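Dropping structure.cif in here (mmCIF, N, CA and C atoms):
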data_run
#
loop_
_atom_site.label_atom_id
_atom_site.label_comp_id
_atom_site.auth_asym_id
_atom_site.auth_seq_id
_atom_site.Cartn_x
_atom_site.Cartn_y
_atom_site.Cartn_z
N MET C 1 35.36 -19.58 2.87
CA MET C 1 35.53 -20.58 1.85
C MET C 1 34.55 -20.34 0.72
N THR C 2 35.01 -20.59 -0.46
CA THR C 2 34.14 -20.42 -1.62
C THR C 2 33.32 -21.68 -1.84
N LYS C 3 32.15 -21.49 -2.40
CA LYS C 3 31.29 -22.64 -2.70
C LYS C 3 31.71 -23.24 -4.02
N VAL C 4 31.61 -24.52 -4.12
CA VAL C 4 32.00 -25.24 -5.33
C VAL C 4 30.88 -25.12 -6.35
N ASN C 5 31.24 -25.05 -7.62
CA ASN C 5 30.31 -24.99 -8.75
C ASN C 5 29.44 -23.73 -8.74
N ARG C 6 29.96 -22.63 -8.27
CA ARG C 6 29.23 -21.36 -8.30
C ARG C 6 29.93 -20.44 -9.27
N ARG C 7 29.12 -19.83 -10.14
CA ARG C 7 29.68 -18.87 -11.08
C ARG C 7 29.71 -17.49 -10.42
N ALA C 8 30.50 -16.64 -11.00
CA ALA C 8 30.57 -15.26 -10.50
C ALA C 8 29.21 -14.58 -10.70
N GLY C 9 28.72 -13.95 -9.67
CA GLY C 9 27.46 -13.23 -9.77
C GLY C 9 26.23 -14.11 -9.60
N GLN C 10 26.39 -15.37 -9.28
CA GLN C 10 25.25 -16.29 -9.14
C GLN C 10 24.30 -15.81 -8.04
N ASN C 11 24.84 -15.34 -6.93
CA ASN C 11 24.01 -14.87 -5.83
C ASN C 11 23.17 -13.67 -6.25
N ILE C 12 23.76 -12.75 -6.99
CA ILE C 12 23.03 -11.57 -7.45
C ILE C 12 21.91 -11.97 -8.40
N ARG C 13 22.17 -12.92 -9.29
CA ARG C 13 21.13 -13.38 -10.21
C ARG C 13 19.97 -14.04 -9.46
N GLU C 14 20.28 -14.80 -8.44
CA GLU C 14 19.23 -15.43 -7.64
C GLU C 14 18.40 -14.37 -6.90
N LEU C 15 19.06 -13.36 -6.37
CA LEU C 15 18.33 -12.28 -5.70
C LEU C 15 17.45 -11.52 -6.68
N ALA C 16 17.93 -11.32 -7.91
CA ALA C 16 17.14 -10.63 -8.92
C ALA C 16 15.90 -11.43 -9.29
N ILE C 17 16.04 -12.74 -9.37
CA ILE C 17 14.88 -13.59 -9.68
C ILE C 17 13.86 -13.53 -8.55
N LYS C 18 14.33 -13.58 -7.31
CA LYS C 18 13.42 -13.48 -6.17
C LYS C 18 12.68 -12.15 -6.17
N ARG C 19 13.41 -11.08 -6.45
CA ARG C 19 12.79 -9.75 -6.47
C ARG C 19 11.77 -9.64 -7.60
N ARG C 20 12.09 -10.21 -8.74
CA ARG C 20 11.18 -10.18 -9.89
C ARG C 20 9.91 -10.97 -9.59
N LEU C 21 10.05 -12.13 -8.95
CA LEU C 21 8.88 -12.94 -8.60
C LEU C 21 8.01 -12.23 -7.57
N LYS C 22 8.63 -11.51 -6.63
CA LYS C 22 7.85 -10.74 -5.66
C LYS C 22 7.06 -9.63 -6.35
N ALA C 23 7.68 -8.99 -7.34
CA ALA C 23 6.99 -7.93 -8.08
C ALA C 23 5.82 -8.50 -8.87
N ILE C 24 6.03 -9.64 -9.50
CA ILE C 24 4.95 -10.28 -10.27
C ILE C 24 3.81 -10.67 -9.34
N ALA C 25 4.14 -11.23 -8.19
CA ALA C 25 3.12 -11.59 -7.21
C ALA C 25 2.35 -10.36 -6.73
N SER C 26 3.05 -9.25 -6.58
CA SER C 26 2.39 -8.02 -6.17
C SER C 26 1.42 -7.52 -7.24
N PHE C 27 1.82 -7.60 -8.50
CA PHE C 27 0.93 -7.18 -9.59
C PHE C 27 -0.29 -8.09 -9.70
N VAL C 28 -0.09 -9.38 -9.56
CA VAL C 28 -1.21 -10.32 -9.64
C VAL C 28 -2.17 -10.11 -8.48
N SER C 29 -1.64 -9.91 -7.28
CA SER C 29 -2.52 -9.67 -6.14
C SER C 29 -3.26 -8.34 -6.28
N ALA C 30 -2.64 -7.35 -6.90
CA ALA C 30 -3.33 -6.08 -7.14
C ALA C 30 -4.51 -6.29 -8.08
N GLY C 31 -4.31 -7.10 -9.11
CA GLY C 31 -5.41 -7.40 -10.02
C GLY C 31 -6.53 -8.15 -9.33
N CYS C 32 -6.17 -9.11 -8.48
CA CYS C 32 -7.18 -9.87 -7.75
C CYS C 32 -7.95 -8.98 -6.78
N VAL C 33 -7.24 -8.13 -6.08
CA VAL C 33 -7.89 -7.24 -5.11
C VAL C 33 -8.82 -6.26 -5.83
N PHE C 34 -8.48 -5.87 -7.04
CA PHE C 34 -9.31 -4.92 -7.77
C PHE C 34 -10.52 -5.60 -8.42
N PHE C 35 -10.31 -6.72 -9.10
CA PHE C 35 -11.38 -7.32 -9.89
C PHE C 35 -12.27 -8.27 -9.11
N PHE C 36 -11.76 -8.98 -8.12
CA PHE C 36 -12.58 -9.95 -7.40
C PHE C 36 -13.76 -9.31 -6.66
N PRO C 37 -13.59 -8.25 -5.89
CA PRO C 37 -14.76 -7.66 -5.22
C PRO C 37 -15.79 -7.11 -6.21
N LEU C 38 -15.32 -6.53 -7.31
CA LEU C 38 -16.26 -6.01 -8.30
C LEU C 38 -17.01 -7.16 -8.98
N PHE C 39 -16.32 -8.26 -9.25
CA PHE C 39 -16.95 -9.44 -9.80
C PHE C 39 -17.96 -10.01 -8.81
N LEU C 40 -17.60 -10.05 -7.55
CA LEU C 40 -18.48 -10.57 -6.51
C LEU C 40 -19.75 -9.73 -6.38
N VAL C 41 -19.62 -8.42 -6.42
CA VAL C 41 -20.78 -7.53 -6.35
C VAL C 41 -21.68 -7.77 -7.55
N ASN C 42 -21.10 -7.92 -8.73
CA ASN C 42 -21.88 -8.16 -9.94
C ASN C 42 -22.65 -9.48 -9.84
N GLU C 43 -22.02 -10.52 -9.34
CA GLU C 43 -22.67 -11.82 -9.22
C GLU C 43 -23.79 -11.79 -8.17
N VAL C 44 -23.58 -11.06 -7.08
CA VAL C 44 -24.63 -10.96 -6.05
C VAL C 44 -25.83 -10.21 -6.61
N GLU C 45 -25.60 -9.17 -7.38
CA GLU C 45 -26.71 -8.44 -7.99
C GLU C 45 -27.47 -9.31 -8.97
N LYS C 46 -26.75 -10.15 -9.74
CA LYS C 46 -27.42 -11.07 -10.65
C LYS C 46 -28.25 -12.09 -9.88
N ALA C 47 -27.77 -12.54 -8.74
CA ALA C 47 -28.51 -13.51 -7.93
C ALA C 47 -29.74 -12.88 -7.30
N LEU C 48 -29.67 -11.61 -6.95
CA LEU C 48 -30.81 -10.94 -6.31
C LEU C 48 -31.86 -10.48 -7.31
N LYS C 49 -31.52 -10.36 -8.57
CA LYS C 49 -32.44 -9.86 -9.58
C LYS C 49 -33.67 -10.76 -9.73
N PRO C 50 -33.54 -12.08 -9.81
CA PRO C 50 -34.76 -12.91 -9.91
C PRO C 50 -35.62 -12.84 -8.66
N LEU C 51 -35.02 -12.66 -7.50
CA LEU C 51 -35.80 -12.56 -6.28
C LEU C 51 -36.65 -11.30 -6.25
N SER C 52 -36.13 -10.21 -6.77
CA SER C 52 -36.90 -8.96 -6.77
C SER C 52 -37.99 -9.00 -7.83
N SER C 53 -37.83 -9.79 -8.90
CA SER C 53 -38.88 -9.87 -9.91
C SER C 53 -40.03 -10.74 -9.44
N LEU C 54 -39.81 -11.62 -8.46
CA LEU C 54 -40.88 -12.45 -7.93
C LEU C 54 -41.83 -11.65 -7.05
N ASN C 55 -41.34 -10.62 -6.42
CA ASN C 55 -42.14 -9.80 -5.53
C ASN C 55 -42.20 -8.38 -6.10
N PRO C 56 -43.21 -8.08 -6.91
CA PRO C 56 -43.26 -6.77 -7.57
C PRO C 56 -43.59 -5.61 -6.63
N SER C 57 -44.03 -5.89 -5.41
CA SER C 57 -44.37 -4.79 -4.51
C SER C 57 -43.12 -4.03 -4.05
N HIS C 58 -41.98 -4.71 -4.04
CA HIS C 58 -40.73 -4.07 -3.66
C HIS C 58 -40.03 -3.57 -4.92
N PRO C 59 -39.55 -2.36 -4.89
CA PRO C 59 -38.78 -1.89 -6.06
C PRO C 59 -37.49 -2.68 -6.18
N GLN C 60 -36.95 -2.70 -7.39
CA GLN C 60 -35.71 -3.43 -7.59
C GLN C 60 -34.62 -2.80 -6.74
N SER C 61 -34.05 -3.62 -5.91
CA SER C 61 -33.00 -3.11 -5.03
C SER C 61 -31.65 -3.48 -5.62
N SER C 62 -30.78 -2.53 -5.59
CA SER C 62 -29.41 -2.81 -6.00
C SER C 62 -28.56 -2.88 -4.74
N LEU C 63 -27.44 -3.49 -4.87
CA LEU C 63 -26.55 -3.64 -3.73
C LEU C 63 -25.79 -2.33 -3.54
N ASN C 64 -26.24 -1.55 -2.58
CA ASN C 64 -25.59 -0.26 -2.31
C ASN C 64 -24.47 -0.47 -1.31
N LEU C 65 -23.27 -0.23 -1.76
CA LEU C 65 -22.11 -0.38 -0.90
C LEU C 65 -21.57 0.98 -0.51
N PRO C 66 -20.98 1.08 0.66
CA PRO C 66 -20.45 2.37 1.10
C PRO C 66 -19.25 2.79 0.23
N PRO C 67 -19.03 4.08 0.14
CA PRO C 67 -17.90 4.57 -0.65
C PRO C 67 -16.54 4.07 -0.14
N THR C 68 -16.47 3.73 1.13
CA THR C 68 -15.19 3.22 1.65
C THR C 68 -14.82 1.89 1.00
N PHE C 69 -15.83 1.09 0.64
CA PHE C 69 -15.57 -0.17 -0.05
C PHE C 69 -14.88 0.10 -1.38
N TYR C 70 -15.42 1.06 -2.14
CA TYR C 70 -14.82 1.38 -3.43
C TYR C 70 -13.45 2.04 -3.27
N ALA C 71 -13.29 2.82 -2.21
CA ALA C 71 -11.99 3.44 -1.96
C ALA C 71 -10.93 2.38 -1.66
N ILE C 72 -11.31 1.38 -0.88
CA ILE C 72 -10.37 0.29 -0.57
C ILE C 72 -10.05 -0.50 -1.83
N VAL C 73 -11.07 -0.74 -2.66
CA VAL C 73 -10.87 -1.51 -3.89
C VAL C 73 -9.96 -0.76 -4.87
N VAL C 74 -9.86 0.53 -4.75
CA VAL C 74 -8.99 1.30 -5.64
C VAL C 74 -7.62 1.57 -4.99
N ILE C 75 -7.60 1.95 -3.74
CA ILE C 75 -6.35 2.36 -3.09
C ILE C 75 -5.43 1.18 -2.82
N LEU C 76 -5.98 0.07 -2.35
CA LEU C 76 -5.14 -1.10 -2.05
C LEU C 76 -4.40 -1.62 -3.28
N PRO C 77 -5.07 -1.79 -4.43
CA PRO C 77 -4.31 -2.22 -5.62
C PRO C 77 -3.25 -1.20 -6.06
N LEU C 78 -3.53 0.08 -5.89
CA LEU C 78 -2.52 1.08 -6.25
C LEU C 78 -1.28 0.93 -5.37
N GLY C 79 -1.47 0.65 -4.10
CA GLY C 79 -0.35 0.41 -3.21
C GLY C 79 0.42 -0.85 -3.61
N LEU C 80 -0.30 -1.89 -4.00
CA LEU C 80 0.37 -3.13 -4.42
C LEU C 80 1.14 -2.93 -5.72
N VAL C 81 0.58 -2.14 -6.65
CA VAL C 81 1.30 -1.86 -7.90
C VAL C 81 2.54 -1.04 -7.60
N ALA C 82 2.43 -0.05 -6.73
CA ALA C 82 3.61 0.74 -6.37
C ALA C 82 4.66 -0.14 -5.71
N ASN C 83 4.24 -1.08 -4.88
CA ASN C 83 5.18 -2.01 -4.27
C ASN C 83 5.85 -2.88 -5.33
N GLY C 84 5.12 -3.30 -6.33
CA GLY C 84 5.70 -4.12 -7.39
C GLY C 84 6.66 -3.34 -8.26
N VAL C 85 6.39 -2.06 -8.46
CA VAL C 85 7.29 -1.24 -9.28
C VAL C 85 8.60 -0.99 -8.55
N PHE C 86 8.51 -0.72 -7.25
CA PHE C 86 9.73 -0.42 -6.50
C PHE C 86 10.42 -1.68 -6.06
#

What would you get if you wrote out this structure as structure tokens?
Amino acid sequence: MTKVNRRAGQNIRELAIKRRLKAIASFVSAGCVFFFPLFLVNEVEKALKPLSSLNPSHPQSSLNLPPTFYAIVVILPLGLVANGVF
């Protein structure tokens, strides 16, 4: 049975909108995954800077993160962008 008040191709248009919204969500999450950890590292370094200036016997320490952290911050967003494109 046909549904009442449905235009031809309505189902396809709804599927296209769902697919487009999934792609947009993938792009937004890629941006968040890329920028949020870098922003967080920057803010932690700013918070630690006054503490290191209070104690001059210790050299200024920076937040040294392993290379795997940076690899994840780069590779995961690339995967999300590729998912959004396809």

> So which one's closest to Ala30 in chain C, C:Lys49, C:Asn83, C:Leu76, C:Arg7? Using only N, CA and C atoms, please.
Replying inline: C:Leu76

> Using all atoms listed in the file, which of the listed residues (C:Val73, C:Thr68, C:Phe86, C:Arg20) sits closest to Leu38 in chain C?
Replying inline: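 Of C:Val73, C:Thr68, C:Phe86, C:Arg20, the one nearest Leu38 in chain C is C:Val73, counting all atoms listed in the file.
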
> How would you write, as a PyMOL selection string, the set of residues in chain C that DSSP gives as helix (DSSP H, G or I)?
Replying inline: chain C and resi 10-54+67-85

> Looking at C:Asn64, C:Ser26, C:Gln10, C:Asn42, which one is nearest to Val85 in chain C, with distances taken over all atoms listed in the file?
Replying inline: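 The shortest atom-to-atom distance to Val85 in chain C comes from C:Ser26.
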
> How many Å separate atom C of Leu40 in chain C from CA of Ala71 in chain C?
Replying inline: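 Distance reported for this atom pair: 15.9 Å.
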
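Selection around (-8.3, -3.5, -7.7) with radius 6 Å, counting only N, CA and C atoms, yields the residues C:Ala30, C:Gly31, C:Cys32, C:Val33, C:Phe34, C:Phe35, C:Val73, C:Val74, C:Pro77.
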